[in-house]
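So this block is structure34.cif, mmCIF, C-alpha atoms and all ligand atoms:
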data_work
#
loop_
_atom_site.label_atom_id
_atom_site.label_comp_id
_atom_site.auth_asym_id
_atom_site.auth_seq_id
_atom_site.Cartn_x
_atom_site.Cartn_y
_atom_site.Cartn_z
CA MET A 15 0.32 21.33 39.74
CA LEU A 16 3.38 23.39 38.94
CA THR A 17 2.77 25.74 36.02
CA PRO A 18 3.15 25.90 33.08
CA TYR A 19 1.34 22.74 31.95
CA TYR A 20 -1.09 21.50 29.34
CA GLN A 21 -4.60 20.59 30.45
CA TYR A 22 -6.56 18.22 28.21
CA ASP A 23 -10.33 17.82 28.42
CA LEU A 24 -10.77 14.25 27.22
CA GLY A 25 -14.55 14.76 27.09
CA ILE A 26 -14.10 17.33 24.32
CA LEU A 27 -11.75 14.99 22.48
CA GLU A 28 -14.26 12.15 22.77
CA ASP A 29 -17.09 14.36 21.43
CA THR A 30 -14.84 15.39 18.54
CA LEU A 31 -14.00 11.78 17.68
CA LYS A 32 -17.67 10.82 17.86
CA ALA A 33 -18.52 13.67 15.47
CA ILE A 34 -15.91 12.40 12.98
CA ASN A 35 -17.21 8.84 13.22
CA ARG A 36 -20.83 10.01 12.84
CA CYS A 37 -19.96 11.79 9.58
CA THR A 38 -18.05 8.83 8.14
CA ALA A 39 -20.01 5.86 9.57
CA ASP A 40 -21.80 5.06 6.31
CA ARG A 41 -18.55 4.95 4.32
CA LYS A 42 -16.58 1.75 4.71
CA ASP A 43 -14.33 2.99 1.89
CA TRP A 44 -13.22 6.06 3.92
CA HIS A 45 -10.33 5.89 6.38
CA VAL A 46 -9.41 8.69 8.77
CA HIS A 47 -5.80 8.77 9.94
CA TYR A 48 -4.91 11.05 12.83
CA ALA A 49 -1.88 13.26 12.00
CA ILE A 50 0.14 12.49 15.11
CA LYS A 51 2.40 15.50 14.58
CA ALA A 52 -0.41 17.63 16.03
CA ASN A 53 -0.13 15.97 19.44
CA ALA A 54 1.50 12.71 20.50
CA ASN A 55 0.42 12.74 24.15
CA PRO A 56 -0.39 9.11 25.18
CA MET A 57 -3.61 10.18 26.98
CA LEU A 58 -4.96 11.52 23.71
CA LEU A 59 -3.61 8.70 21.57
CA LYS A 60 -5.37 6.11 23.74
CA LEU A 61 -8.75 7.71 23.08
CA ILE A 62 -8.03 8.27 19.39
CA ARG A 63 -7.15 4.59 19.01
CA LYS A 64 -10.27 3.55 20.92
CA HIS A 65 -12.36 5.41 18.36
CA GLY A 66 -10.75 3.54 15.50
CA LEU A 67 -8.68 6.19 13.70
CA GLY A 68 -5.45 5.21 11.94
CA ILE A 69 -2.26 7.28 12.06
CA ASP A 70 -0.44 9.62 9.69
CA CYS A 71 3.28 9.93 10.45
CA VAL A 72 6.10 12.11 9.14
CA SER A 73 9.07 10.54 10.92
CA GLY A 74 10.43 7.29 12.27
CA GLY A 75 9.99 8.70 15.77
CA GLU A 76 6.28 9.19 15.14
CA ILE A 77 5.98 5.63 13.80
CA ARG A 78 7.65 4.31 16.96
CA VAL A 79 5.31 6.35 19.19
CA ALA A 80 2.25 5.18 17.24
CA LEU A 81 3.30 1.52 17.57
CA GLU A 82 4.15 1.93 21.27
CA ASN A 83 0.68 3.34 21.80
CA GLY A 84 -0.97 0.30 20.29
CA PHE A 85 -1.82 1.48 16.79
CA ASP A 86 -1.74 -1.29 14.22
CA ALA A 87 1.00 -0.83 11.61
CA SER A 88 -1.58 -1.59 8.92
CA THR A 89 -3.30 1.74 9.77
CA ILE A 90 -0.11 3.85 9.46
CA VAL A 91 0.70 6.02 6.46
CA PHE A 92 4.08 7.74 6.23
CA ALA A 93 4.72 11.08 4.46
CA GLY A 94 7.66 13.52 4.53
CA VAL A 95 10.13 14.92 1.98
CA GLY A 96 13.20 13.57 3.74
CA LYS A 97 12.79 9.98 4.86
CA ALA A 98 16.09 8.57 6.17
CA GLU A 99 17.11 4.98 5.50
CA TRP A 100 16.52 3.91 9.10
CA GLU A 101 13.02 5.37 8.95
CA ILE A 102 12.25 3.47 5.74
CA ASP A 103 13.66 0.25 7.24
CA LEU A 104 11.63 0.69 10.43
CA SER A 105 8.46 1.16 8.36
CA LEU A 106 9.19 -1.89 6.21
CA GLU A 107 9.91 -4.09 9.24
CA ALA A 108 6.73 -2.89 10.96
CA GLY A 109 4.64 -3.39 7.82
CA ILE A 110 3.01 0.04 7.54
CA ALA A 111 0.07 0.55 5.17
CA CYS A 112 1.68 2.97 2.73
CA PHE A 113 4.58 5.31 2.00
CA ASN A 114 3.50 8.67 0.66
CA VAL A 115 6.49 9.24 -1.62
CA GLU A 116 7.57 12.80 -2.34
CA SER A 117 10.23 12.42 -5.07
CA GLU A 118 11.70 10.05 -7.63
CA ALA A 119 14.91 9.91 -5.63
CA GLU A 120 12.99 8.70 -2.58
CA LEU A 121 11.22 6.06 -4.68
CA ASP A 122 14.63 4.67 -5.70
CA VAL A 123 15.83 4.47 -2.11
CA ILE A 124 12.63 2.75 -0.88
CA SER A 125 13.02 0.19 -3.68
CA GLU A 126 16.67 -0.37 -2.71
CA ARG A 127 15.79 -0.88 0.96
CA CYS A 128 13.00 -3.32 -0.02
CA ALA A 129 15.47 -5.35 -2.10
CA LEU A 130 17.90 -5.43 0.82
CA LEU A 131 15.32 -6.43 3.42
CA ASN A 132 13.31 -8.66 1.10
CA LYS A 133 10.12 -6.61 1.58
CA ARG A 134 7.52 -5.04 -0.66
CA ALA A 135 6.23 -1.53 -0.06
CA ASN A 136 2.89 0.04 -0.85
CA ILE A 137 3.51 3.37 -2.53
CA ALA A 138 1.32 6.42 -3.03
CA LEU A 139 2.89 9.34 -4.85
CA ARG A 140 2.40 12.69 -3.15
CA VAL A 141 1.22 15.14 -5.75
CA ASN A 142 1.64 18.86 -5.45
CA PRO A 143 -1.77 19.91 -6.81
CA ASP A 144 -0.94 23.63 -7.05
CA VAL A 145 -4.01 24.65 -5.03
CA ASP A 146 -3.67 27.74 -2.85
CA ALA A 147 -5.13 27.03 0.58
CA HIS A 148 -5.34 30.77 1.44
CA THR A 149 -3.84 30.10 4.82
CA HIS A 150 -0.67 31.33 6.55
CA ALA A 151 2.43 31.15 4.29
CA GLY A 152 4.19 28.99 6.88
CA ILE A 153 1.50 26.29 6.71
CA THR A 154 0.53 26.24 3.04
CA THR A 155 1.91 23.19 1.26
CA GLY A 156 0.17 22.60 -2.06
CA THR A 157 1.56 25.29 -4.36
CA ALA A 158 4.26 24.98 -7.03
CA GLU A 159 6.58 27.17 -4.92
CA ASN A 160 6.55 24.58 -2.21
CA LYS A 161 9.00 21.77 -1.38
CA PHE A 162 6.26 19.15 -0.93
CA GLY A 163 5.18 16.47 -3.39
CA ILE A 164 5.69 15.87 -7.10
CA GLU A 165 4.41 18.43 -9.61
CA ILE A 166 1.73 17.17 -12.01
CA PRO A 167 3.76 17.59 -15.26
CA MET A 168 6.46 15.33 -13.78
CA LEU A 169 4.13 12.66 -12.44
CA MET A 170 3.57 10.18 -15.31
CA PRO A 171 7.11 8.77 -15.71
CA ILE A 172 7.40 8.37 -11.94
CA ILE A 173 4.11 6.42 -11.81
CA GLN A 174 5.38 4.18 -14.65
CA LYS A 175 8.61 3.61 -12.79
CA ALA A 176 6.79 2.72 -9.55
CA LYS A 177 4.47 0.33 -11.40
CA ALA A 178 7.36 -1.42 -13.10
CA ASP A 179 9.36 -1.91 -9.90
CA PRO A 180 9.06 -5.48 -8.53
CA HIS A 181 9.63 -4.27 -4.95
CA LEU A 182 6.87 -1.68 -5.03
CA SER A 183 3.07 -1.77 -5.24
CA PHE A 184 1.75 1.46 -6.63
CA VAL A 185 -1.59 2.07 -4.87
CA GLY A 186 -2.50 5.66 -5.60
CA LEU A 187 -2.00 9.36 -5.04
CA HIS A 188 -1.64 11.53 -1.97
CA PHE A 189 -2.43 15.25 -1.59
CA HIS A 190 -2.21 17.78 1.25
CA ILE A 191 -2.81 21.45 0.52
CA GLY A 192 -2.14 23.12 3.86
CA SER A 193 -3.46 23.61 7.36
CA GLN A 194 -6.00 25.74 9.29
CA ILE A 195 -8.26 25.96 6.24
CA LEU A 196 -11.69 27.35 7.16
CA ASP A 197 -12.89 28.15 3.68
CA THR A 198 -14.56 25.32 1.70
CA GLU A 199 -13.20 26.57 -1.63
CA PRO A 200 -9.64 25.13 -1.47
CA PHE A 201 -11.04 21.66 -0.69
CA ILE A 202 -13.50 21.95 -3.60
CA GLN A 203 -10.58 22.98 -5.85
CA LEU A 204 -8.62 19.99 -4.62
CA CYS A 205 -11.50 17.62 -5.50
CA LYS A 206 -11.70 19.13 -9.00
CA LYS A 207 -7.96 18.68 -9.50
CA VAL A 208 -8.13 15.06 -8.33
CA ASN A 209 -11.10 14.33 -10.65
CA HIS A 210 -9.30 15.85 -13.61
CA LEU A 211 -6.09 14.02 -12.85
CA GLN A 212 -7.91 10.68 -12.49
CA ASP A 213 -9.54 11.18 -15.89
CA GLN A 214 -6.16 11.91 -17.44
CA LEU A 215 -4.52 8.88 -15.81
CA GLU A 216 -7.34 6.55 -16.77
CA ALA A 217 -7.04 7.70 -20.37
CA GLN A 218 -3.50 6.34 -20.16
CA GLY A 219 -4.61 3.07 -18.60
CA ILE A 220 -3.67 3.90 -15.01
CA THR A 221 -6.16 3.17 -12.24
CA LEU A 222 -5.79 4.05 -8.59
CA LYS A 223 -6.75 1.85 -5.63
CA SER A 224 -6.62 4.73 -3.19
CA ILE A 225 -6.68 8.48 -2.91
CA ASN A 226 -5.43 10.36 0.12
CA VAL A 227 -6.61 13.97 0.46
CA GLY A 228 -4.48 14.83 3.51
CA GLY A 229 -5.71 17.06 6.31
CA GLY A 230 -6.05 20.78 6.81
CA LEU A 231 -9.49 21.42 8.28
CA GLY A 232 -9.26 24.50 10.52
CA VAL A 233 -10.69 25.29 13.96
CA ASP A 234 -12.21 28.39 15.57
CA TYR A 235 -9.38 30.04 17.52
CA ASP A 236 -11.49 33.15 18.23
CA ASN A 237 -14.55 31.49 19.82
CA PRO A 238 -13.38 28.13 21.11
CA GLU A 239 -15.91 27.96 23.94
CA GLU A 240 -18.88 28.47 21.57
CA ASN A 241 -17.37 26.27 18.86
CA PRO A 242 -15.45 23.39 20.42
CA ILE A 243 -16.23 20.89 17.62
CA PRO A 244 -15.11 21.77 14.06
CA ASP A 245 -17.63 21.60 11.23
CA PHE A 246 -16.83 18.05 10.12
CA GLU A 247 -20.17 17.67 8.42
CA SER A 248 -19.51 20.41 5.85
CA TYR A 249 -15.94 19.23 5.41
CA PHE A 250 -16.79 15.59 4.72
CA ASN A 251 -19.77 16.60 2.56
CA ILE A 252 -17.40 18.35 0.15
CA PHE A 253 -15.67 15.05 -0.55
CA ARG A 254 -18.99 13.20 -0.61
CA THR A 255 -20.35 15.48 -3.31
CA CYS A 256 -17.33 16.78 -5.26
CA LEU A 257 -14.90 13.88 -5.42
CA LYS A 258 -15.64 11.24 -8.04
CA LEU A 259 -14.45 8.04 -6.41
CA ARG A 260 -14.31 5.00 -8.67
CA GLU A 261 -15.88 1.65 -7.77
CA GLY A 262 -13.94 0.04 -4.92
CA GLN A 263 -11.57 2.99 -4.53
CA GLN A 264 -10.52 3.86 -0.96
CA LEU A 265 -10.38 7.44 0.32
CA HIS A 266 -7.99 8.44 3.09
CA PHE A 267 -7.98 11.58 5.26
CA GLU A 268 -5.18 12.83 7.53
CA LEU A 269 -6.70 15.14 10.12
CA GLY A 270 -4.54 16.62 12.87
CA ARG A 271 -5.51 20.03 14.22
CA SER A 272 -9.26 19.56 13.90
CA VAL A 273 -9.07 16.43 16.08
CA VAL A 274 -7.11 17.80 19.05
CA ALA A 275 -6.85 21.62 19.00
CA GLN A 276 -9.89 22.39 21.16
CA CYS A 277 -9.29 19.76 23.83
CA GLY A 278 -6.06 21.38 25.04
CA ARG A 279 -5.22 24.52 27.00
CA LEU A 280 -1.91 25.87 28.20
CA ILE A 281 -2.17 26.81 31.87
CA THR A 282 0.31 29.40 33.11
CA LYS A 283 0.77 31.64 36.14
CA VAL A 284 1.30 35.39 36.27
CA LEU A 285 4.79 36.11 37.57
CA TYR A 286 4.62 39.90 37.37
CA VAL A 287 2.46 42.75 36.14
CA LYS A 288 4.73 45.47 34.82
CA GLN A 289 3.61 49.00 34.02
CA GLY A 290 5.48 50.65 31.12
CA THR A 291 5.01 54.22 29.89
CA VAL A 292 2.58 53.09 27.18
CA LYS A 293 1.88 49.43 27.89
CA LYS A 294 0.94 47.22 30.76
CA PHE A 295 2.62 43.81 30.57
CA VAL A 296 1.41 40.57 32.09
CA ILE A 297 4.50 38.38 32.39
CA VAL A 298 3.57 34.70 32.63
CA ASP A 299 5.68 31.62 33.36
CA ALA A 300 4.97 29.99 29.94
CA GLY A 301 6.80 31.17 26.86
CA PHE A 302 7.27 30.18 23.25
CA THR A 303 9.12 27.16 24.59
CA GLU A 304 5.69 25.78 25.58
CA LEU A 305 3.57 27.25 22.75
CA ILE A 306 5.44 28.59 19.73
CA ARG A 307 2.50 29.27 17.39
CA PRO A 308 2.09 33.00 18.21
CA ALA A 309 5.83 33.70 17.82
CA PHE A 310 6.34 31.43 14.81
CA TYR A 311 3.24 32.03 12.70
CA GLY A 312 1.76 35.18 14.25
CA ALA A 313 -1.12 32.95 15.39
CA HIS A 314 -3.58 34.20 17.98
CA HIS A 315 -4.96 32.05 20.80
CA LYS A 316 -7.68 33.35 23.10
CA ILE A 317 -6.32 34.23 26.55
CA VAL A 318 -8.44 34.10 29.73
CA ASN A 319 -7.69 35.02 33.34
CA MET A 320 -9.10 32.08 35.33
CA THR A 321 -8.63 33.71 38.75
CA SER A 322 -9.86 37.31 38.51
CA LYS A 323 -13.38 38.66 38.11
CA GLY A 324 -12.08 42.26 38.11
CA VAL A 325 -12.78 44.96 35.52
CA LEU A 326 -11.53 44.39 31.99
CA ARG A 327 -8.19 46.01 31.14
CA ARG A 328 -5.76 45.83 28.22
CA TYR A 329 -2.46 44.02 28.61
CA ASP A 330 0.34 42.61 26.48
CA VAL A 331 0.71 39.02 27.62
CA VAL A 332 4.35 37.95 27.35
CA GLY A 333 6.59 35.06 28.39
CA PRO A 334 9.92 34.94 30.21
CA ILE A 335 12.09 33.87 27.24
CA CYS A 336 14.88 36.26 26.29
CA GLU A 337 13.48 37.07 22.84
CA SER A 338 11.23 39.98 21.83
CA SER A 339 9.02 37.58 19.90
CA ASP A 340 8.01 35.81 23.11
CA VAL A 341 4.56 37.40 23.10
CA PHE A 342 1.23 35.55 23.41
CA GLY A 343 -0.97 38.55 22.71
CA LYS A 344 -0.93 42.34 22.39
CA ASP A 345 -3.63 44.59 23.88
CA GLU A 346 -5.48 41.57 25.22
CA LEU A 347 -8.64 42.30 27.17
CA LEU A 348 -8.29 40.51 30.53
CA ASN A 349 -9.98 40.82 33.89
CA GLU A 350 -7.75 42.98 36.14
CA THR A 351 -4.69 40.83 36.55
CA SER A 352 -2.28 40.43 39.47
CA ARG A 353 0.75 38.35 40.37
CA GLY A 354 -0.24 34.72 41.04
CA ASP A 355 -3.34 34.70 38.81
CA ILE A 356 -3.83 31.63 36.62
CA ILE A 357 -4.08 32.30 32.89
CA ALA A 358 -5.41 29.85 30.30
CA ILE A 359 -4.30 30.02 26.66
CA LEU A 360 -7.04 28.28 24.71
CA THR A 361 -7.15 26.02 21.64
CA ALA A 362 -3.62 24.81 22.33
CA GLY A 363 -4.15 21.06 21.88
CA ALA A 364 -2.70 20.99 18.35
CA TYR A 365 0.93 21.86 17.58
CA GLY A 366 1.47 23.05 21.17
CA GLU A 367 3.04 20.31 23.24
CA THR A 368 4.61 18.64 20.18
CA MET A 369 6.41 21.85 19.17
CA ALA A 370 7.74 22.61 22.65
CA SER A 371 11.48 23.16 23.07
CA CYS A 372 14.09 23.40 25.81
CA TYR A 373 15.45 26.81 24.75
CA ASN A 374 16.90 28.75 27.69
CA CYS A 375 17.47 25.32 29.32
CA ARG A 376 13.81 25.10 30.25
CA SER A 377 12.01 21.82 30.94
CA LEU A 378 9.45 20.39 28.55
CA PRO A 379 5.87 21.09 29.68
CA ARG A 380 3.92 18.57 31.77
CA SER A 381 0.30 17.64 31.11
CA ILE A 382 -2.83 16.61 33.01
CA SER A 383 -6.33 15.59 32.05
CA GLY A 384 -9.13 17.72 33.49
CA LYS A 385 -12.50 19.09 32.47
CA PHE A 386 -12.44 22.78 31.44
N1 LIG B 1 -0.94 15.43 6.29
C1 LIG B 1 0.25 16.00 5.99
C2 LIG B 1 1.04 15.43 4.89
C3 LIG B 1 0.67 17.14 6.69
O1 LIG B 1 1.82 17.71 6.38
C4 LIG B 1 -0.14 17.67 7.74
C5 LIG B 1 0.28 18.84 8.50
C6 LIG B 1 -1.35 17.03 8.04
C7 LIG B 1 -1.72 15.92 7.28
C8 LIG B 1 -2.27 17.49 9.12
O2 LIG B 1 -2.76 18.75 8.86
P1 LIG B 1 -3.89 19.40 9.83
O3 LIG B 1 -5.13 18.54 9.69
O4 LIG B 1 -3.36 19.39 11.21
O5 LIG B 1 -4.05 20.75 9.29
N2 LIG B 1 2.59 23.63 13.04
C9 LIG B 1 1.60 24.28 12.22
C10 LIG B 1 0.83 23.32 11.36
C11 LIG B 1 1.72 22.50 10.45
C12 LIG B 1 0.98 21.46 9.67
C13 LIG B 1 1.96 20.53 9.03
N3 LIG B 1 1.37 19.48 8.27
C14 LIG B 1 0.68 25.10 13.14
O6 LIG B 1 0.90 25.12 14.34
O7 LIG B 1 -0.24 25.76 12.66
#
Output the file's structure in the form of structure tokens.
Ligand code: LLP
Amino acid sequence: MLTPYYQYDLGILEDTLKAINRCTADRKDWHVHYAIKANANPMLLKLIRKHGLGIDCVSGGEIRVALENGFDASTIVFAGVGKAEWEIDLSLEAGIACFNVESEAELDVISERCALLNKRANIALRVNPDVDAHTHAGITTGTAENKFGIEIPMLMPIIQKAKADPHLSFVGLHFHIGSQILDTEPFIQLCKKVNHLQDQLEAQGITLKSINVGGGLGVDYDNPEENPIPDFESYFNIFRTCLKLREGQQLHFELGRSVVAQCGRLITKVLYVKQGTVKKFVIVDAGFTELIRPAFYGAHHKIVNMTSKGVLRRYDVVGPICESSDVFGKDELLNETSRGDIIAILTAGAYGETMASCYNCRSLPRSISGKF
């Protein structure tokens, strides 16, 4: 197949989904929604649906893709700070499970659209819990400096407004503190905040039918081959032990990266090896148009030469895009590399294909399924 392309190992995805279901099997009150923004490839969605996950969307486009791929609207939750009217209408017509509402202004517009279309919407308010996820600044979401959600001091009047609105059913609260979180502490902090907030709300006569704790569980980018399945057991155990769910209350999760990151690789070919005065460059045919995470967040993905068994040497692995930031790795240790070698960039299943662009008039990447 013509490089560059994404290769997905559906066996790894299946093992990952089984691990999630094993950890949650005893909890009928828990619901895992797959955050489709991480990867919307139909091959992956088919398997994710087969294993019974719902979907977390952040745009009308994602809702359309989820429906086209057979997900039931009643399993779809919809977040996002800037929902357009057509996206709200689409969600109301489809009958999604819940809007995760991010501001009072949005609440007003959803109510208006309901009145117009003669619909009723389930509403969860997205709370900014002011918990620092200790992750990259570009992917932290739950602090007061951040555009997401409603801050706790401003919450009460908005809840009252939602409860009083005849077009809306207030069902609960939604949280999401950030992404690629490997430390347990931020999730424990989140549980404590939710417990405290529930106590406060109950003291004012407000009960919640559901709580949504978002996503954020990280994966091992450094040792993907040794660690292909994230530690779901520890993750889910935090919520099992630290979160005080009330009788009959439903708990929702929105996992993206941890579901799909390890089942995808970006496969690219070496176009040239260029010797500089201080550096040796491996120039590959994939660039940040295919995988933007290194350029955008300074993220590092493990890079492997699939062709060569030669001695290990240091190279900067770079793409063909006309931007200095088009670098996959500096001083990477690779087997001696030559023109035509095939290079794999690992752990690229999440936020790879979905963030691809056509910059430099390039084509969007293709994909295949194949065992690693
Ligand atoms: N729920 C909400 C409301 C979110 O905003 C996100 C991710 C998720 C769930 C899923 O989070 P996950 O389980 O995947 O951590 N493009 C970045 C990551 C951005 C995450 C955005 N929100 C990256 O490549 O690292």
Quiz prompt | Pairwise distance for atom CA of Cys205 of chain A and atom CA of Cys256 of chain A, rounded to one decimal in Å | solution =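 Separating atom CA of Cys205 of chain A from atom CA of Cys256 of chain A is a distance of 5.9 Å.
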Quiz item: Nearest to Val287 of chain A: which of A:Thr351, A:Ser383, A:Gln194, A:Gln212 is it, counting only C-alpha atoms?
Solution: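 Counting only C-alpha atoms, the residue closest to Val287 of chain A is A:Thr351.
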Self-check item: Pick from A:Glu346, A:Glu199, A:Asp70, A:Glu76 nearest to ligand LIG 1 (chain B), counting all atoms listed in the file
Solution: A:Asp70
Quiz item: What gap, in Å, lies between atom CA of Gly229 of chain A and atom CA of Leu196 of chain A?
Solution: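 These two atoms are separated by 11.9 Å.
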Self-check item: Distance query Ile172 of chain A at most 10 Å, all atoms listed in the file, self and fewer than 6 positions along chain excluded, as a PyMOL selection string
Solution: chain A and resi 117-119+121+139+164+178
Practice problem: Just give me the gap between atom CA of Asn136 of chain A and atom CA of Cys112 of chain A in Å, one decimal is fine. | Solution: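 Atom CA of Cys112 of chain A lies 4.8 Å from atom CA of Asn136 of chain A.
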Quiz item: Please, which residues have at least one atom within 9 Å of an atom of ligand LIG 1 (chain B), using only C-alpha atoms and all ligand atoms, listed as a ChimeraX atom specification?
Solution: /A:47-52,70-72,92-94,114,140,150,152-155,162,188-195,227-232,267-275,306-308,310-311,313,364-366,368-369
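Counting all atoms listed in the file and comparing A:Lys293, A:Arg260, A:Lys175, A:Arg279, the residue that lies closest to Pro379 of chain A is A:Arg279.
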Quiz prompt | Nearest residue to Val46 of chain A from the set A:Gln264, A:Pro167, A:Tyr22, A:Asp236 (distances using all atoms listed in the file) | solution =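 The shortest atom-to-atom distance to Val46 of chain A comes from A:Gln264.
Remark: for Lys283 of chain A, the closest of the candidate residues A:Ser105, A:Ser224, A:Ser338, A:Ser352 is A:Ser352 (distances computed over all atoms listed in the file).
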Quiz item: Of the candidates A:Asp43, A:Gln21, A:Glu82, A:Leu59, which shows the shortest atom-to-atom distance to Arg254 of chain A, using all atoms listed in the file?
Solution: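 Using all atoms listed in the file, Arg254 of chain A sits closest to A:Asp43.
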Exercise. Find the residues near Asp213 of chain A: any atom within 12 Å, counting all atoms listed in the file, skip ones fewer than 6 places away on the same chain, and give them as a VMD selection string.
Key: chain A and resid 206 to 207 219 to 222 258 to 260
How would the residues just chosen look if you wrote them out with C-alpha atoms as a PDB file, keeping the file's coordinate frame?
ATOM      1  CA  LYS A 206     -11.700  19.130  -9.000  1.00  0.00           C
ATOM      2  CA  LYS A 207      -7.960  18.680  -9.500  1.00  0.00           C
ATOM      3  CA  GLY A 219      -4.610   3.070 -18.600  1.00  0.00           C
ATOM      4  CA  ILE A 220      -3.670   3.900 -15.010  1.00  0.00           C
ATOM      5  CA  THR A 221      -6.160   3.170 -12.240  1.00  0.00           C
ATOM      6  CA  LEU A 222      -5.790   4.050  -8.590  1.00  0.00           C
ATOM      7  CA  LYS A 258     -15.640  11.240  -8.040  1.00  0.00           C
ATOM      8  CA  LEU A 259     -14.450   8.040  -6.410  1.00  0.00           C
ATOM      9  CA  ARG A 260     -14.310   5.000  -8.670  1.00  0.00           C
TER      10      ARG A 260
END
Excluding Leu182 of chain A and residues on its chain fewer than 5 positions from it, collect all residues at most 7 Å away from it, counting all atoms listed in the file, and give them as a CSV table (one decimal) with C-alpha atoms, keeping the file's coordinate frame.
chain,number,residue,atom,x,y,z
A,125,SER,CA,13.0,0.2,-3.7
A,134,ARG,CA,7.5,-5.0,-0.7
A,135,ALA,CA,6.2,-1.5,-0.1
A,136,ASN,CA,2.9,0.0,-0.8
A,137,ILE,CA,3.5,3.4,-2.5
A,176,ALA,CA,6.8,2.7,-9.6
Might I get the box with edges along x, y and z of the file that holds all atoms of segment 130-142 of chain A listed there, padded by 3 Å on every side, given as centre and edge lengths in Å to one decimal, as lines of an AutoDock Vina configuration file?
center_x = 9.6
center_y = 5.1
center_z = -1.2
size_x = 22.7
size_y = 33.5
size_z = 15.2
Quiz prompt | Spatial neighbours of Lys32 of chain A, 12 Å, all atoms listed in the file, chain gap at least 3 places, as a ChimeraX atom specification | solution = /A:25-29,35-39,61-62,64-67,243-244,246-247,273
Quiz prompt | Test item: residues at most 12 Å from Leu257 of chain A, only C-alpha atoms, excluding those fewer than 4 positions along its chain, as a PyMOL selection string | solution = chain A and resi 201-212+225-227+250-253+263-265
Quick one: segment 285-296 of chain A with N, CA, C and O atoms, as a compact mmCIF listing (two decimals), in the first residue's frame?
# COMPACT_ATOMS: atom_id res chain seq x y z
N LEU A 285 12.21 8.73 2.49
CA LEU A 285 12.46 9.30 1.16
C LEU A 285 13.96 9.53 0.97
O LEU A 285 14.53 9.20 -0.07
N TYR A 286 14.58 10.12 2.00
CA TYR A 286 16.01 10.45 1.91
C TYR A 286 16.66 10.35 3.27
O TYR A 286 16.00 10.59 4.29
N VAL A 287 17.96 10.04 3.29
CA VAL A 287 18.75 10.22 4.51
C VAL A 287 19.75 11.32 4.18
O VAL A 287 20.48 11.24 3.18
N LYS A 288 19.71 12.38 4.97
CA LYS A 288 20.51 13.56 4.64
C LYS A 288 21.52 13.83 5.75
O LYS A 288 21.14 13.96 6.92
N GLN A 289 22.76 13.91 5.41
CA GLN A 289 23.82 14.17 6.39
C GLN A 289 24.07 15.67 6.49
O GLN A 289 24.41 16.32 5.50
N GLY A 290 23.86 16.26 7.69
CA GLY A 290 24.21 17.66 7.91
C GLY A 290 25.58 17.74 8.57
O GLY A 290 26.24 16.71 8.74
N THR A 291 26.00 18.93 8.98
CA THR A 291 27.31 19.03 9.63
C THR A 291 27.23 18.45 11.04
O THR A 291 28.17 17.84 11.52
N VAL A 292 26.07 18.64 11.71
CA VAL A 292 25.95 18.11 13.07
C VAL A 292 24.88 17.02 13.21
O VAL A 292 24.92 16.24 14.15
N LYS A 293 23.99 16.94 12.28
CA LYS A 293 22.83 16.04 12.42
C LYS A 293 22.71 15.13 11.21
O LYS A 293 23.12 15.50 10.10
N LYS A 294 22.11 13.99 11.44
CA LYS A 294 21.73 13.14 10.32
C LYS A 294 20.20 13.11 10.31
O LYS A 294 19.57 12.81 11.34
N PHE A 295 19.61 13.45 9.17
CA PHE A 295 18.15 13.52 9.09
C PHE A 295 17.60 12.32 8.31
O PHE A 295 18.13 11.99 7.25
N VAL A 296 16.54 11.73 8.87
CA VAL A 296 15.76 10.76 8.11
C VAL A 296 14.51 11.52 7.66
O VAL A 296 13.73 11.98 8.50
